[in-house]
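Novice: Okay, handing you the structure first.
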Amino acid sequence: MDRRKFFESSALAGIGLLGAASFLSSCKEKVNTEALGLPPILKGAPKGKKLRAGLVGVGNRGTGAAINFISAGPDLEVIALADIFQDKIDECRERFAGFKRPIPAENCFAGFDGYKKLMELKDVDVVLLATPPKFRPEHFNEAIRQGKHVFMEKPVAVDPVGIRSVIATAKKAESVGLNVVTGTQRRHQEDYIETYKQVMAGAIGTPLAAKAFWNQNHVWFRTREEGWDDMTYMIRNWNNFCWLCGDHILDTHVHNIDVINWFLGKHPETAIGYGGRHRRLTGDQYDFFSIDFDFGNGVFSHSMSRQIDDCANGTGELIMGTEGYTNCQNTIWNLDGSVKWKFEYQKDENGNETDKLKIPPYVQEHMHLVHAIRTGEYVNEAEQTAVSTLTAIMGREAAYTGKKVTWDEMFKSGMELGPKEIQFGPVDMQFEVPVPGTAHKA
């Protein structure tokens, strides 16, 4: 029973979790994990039929996701690779050969259409999608069309057209029973899950305000090499171009935005904010965002993200309620600052509490996918992650334009980022840094 169906069929229907927190606080009973649509916390994926995965997008995160998949339980293999670039495939194959898990050359496909050839393989049961987010909607649709279960990294799109595509494909997946798990690992993280249960049982009362933040140093970029055409350069440098990654408010901060949506039980209605670019030397993105999301009924969330070297860093969330507040991860405080509840982590050999979970969330999310496939306990996280991704897009456009942006106009927008033709060679586009007060040129 997923969360949406639970609320539709319960006394909480129509009020969302903003009202649910106060409703549940009257009983203080243990919250039903299944009714809240929470994934199980597993020690390992169950035994069952061998599952073979194909990896689409074999960079660092993609290779990491593939390793997480085979670590999730017994009889799990990665048997196929696809990437635009052959050298990336060669690097990934070499790494897996070092694990004594060779991937046959005939199952490796380079080029823009490589993903289709991989998904046509009958032996592939699961597809892991980890390319630049621009390609996610198209790849997700093809995976479901070919009858594959899916793990896909966040964000799931870079524009509203892509979001609507992902939501439509999610409904197709549900109609044929194909499981989908996404890389929003906090929803699969035991300390977050246990804190969520406490909040749903009324531990902080009714939520009043929230904040989310992801502030860090500038991330990687690639210097253009001799022989690289425009498209090659941009895709190898994808984390610096909005049409490929959606800007860092999507690429990283979407995690925190997703947590706030999850804990409040809804998406915001409007966004207004600002951002700018002071230090970046490549691409067309901003260095920082500061967004005010309005969830209605007087509830707001301040959402900020920054990628500038030598500044104060930090990542996390906070929700303030009528009876306390929480960092969403592991602690709930009373209004006077005293600790009301704290998650208990495992202890080391000396009996001291650590901050480590028994199973890392990056592995836990793959355990959940395998568990769903082998037990028939269906899971499909695509739409909820699409909603959080669109929330981030709404915040990005509010900063880019300086305008107040509503959920409805963003959801219905025809904005589609990137060149009309995606192929190697010159790209006839100008990637201008957005200027507030003017329309963002897609």
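Letters for chains follow the order of the structure tokens (A, B, ...), residue numbers begin at 1 for each chain, and ligand numbers begin at 1 in the order shown.
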For Tyr286 (chain A), find every residue with an atom within 7 Å (counting only C-alpha atoms), except residues of its own chain fewer than 3 positions away, and show them as a list in words.
Specialist: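 After dropping sequence-adjacent residues, the list is Gly275, Gly276 and Arg277 of chain A.
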Novice: Give me the residues of region 368-442 of chain A that have any atom at most 12 Å from an atom of region 355-364 of chain A; for each, the nearest atom pair and the distance in Å, rounded to one decimal. Use only C-alpha atoms, sort by chain and number, and format it as JSON lines.
Specialist:
```
{"residue": "A:His368", "atom": "CA", "partner": "A:Gln364", "partner_atom": "CA", "distance": 6.2}
{"residue": "A:Leu369", "atom": "CA", "partner": "A:Gln364", "partner_atom": "CA", "distance": 8.8}
{"residue": "A:Val370", "atom": "CA", "partner": "A:Gln364", "partner_atom": "CA", "distance": 9.9}
{"residue": "A:His371", "atom": "CA", "partner": "A:Gln364", "partner_atom": "CA", "distance": 10.2}
```
Novice: Include N, CA and C atoms and write out the residues we just selected as a JSON list (two decimals), in the first residue's frame.
Specialist:
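As written to disk, selection-v5.json reads:
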```
[["chain", "number", "residue", "atom", "x", "y", "z"],
["A", 368, "HIS", "N", 16.09, -2.82, -1.46],
["A", 368, "HIS", "CA", 14.65, -2.61, -1.56],
["A", 368, "HIS", "C", 14.14, -2.99, -2.94],
["A", 369, "LEU", "N", 14.89, -2.64, -3.99],
["A", 369, "LEU", "CA", 14.48, -2.99, -5.35],
["A", 369, "LEU", "C", 14.47, -4.50, -5.53],
["A", 370, "VAL", "N", 15.53, -5.18, -5.12],
["A", 370, "VAL", "CA", 15.61, -6.63, -5.27],
["A", 370, "VAL", "C", 14.54, -7.30, -4.42],
["A", 371, "HIS", "N", 14.33, -6.80, -3.21],
["A", 371, "HIS", "CA", 13.29, -7.32, -2.33],
["A", 371, "HIS", "C", 11.92, -7.24, -3.01]]
```
Novice: Go ahead and compute the interatomic distance for CA of His267 (chain A) and CA of Arg396 (chain A), in Å to one decimal.
Specialist: 15.1 Å
Novice: Which residue is closest to Glu416 (chain A)? Choose from A:Gln185, A:Gly265, A:Ile393, A:Val56 and count only C-alpha atoms.
Specialist: A:Ile393
Novice: Have a look at CA of Phe221 (chain A) and CA of Asn240 (chain A) and let me know their distance in Å, one decimal.
Specialist: 6.8 Å
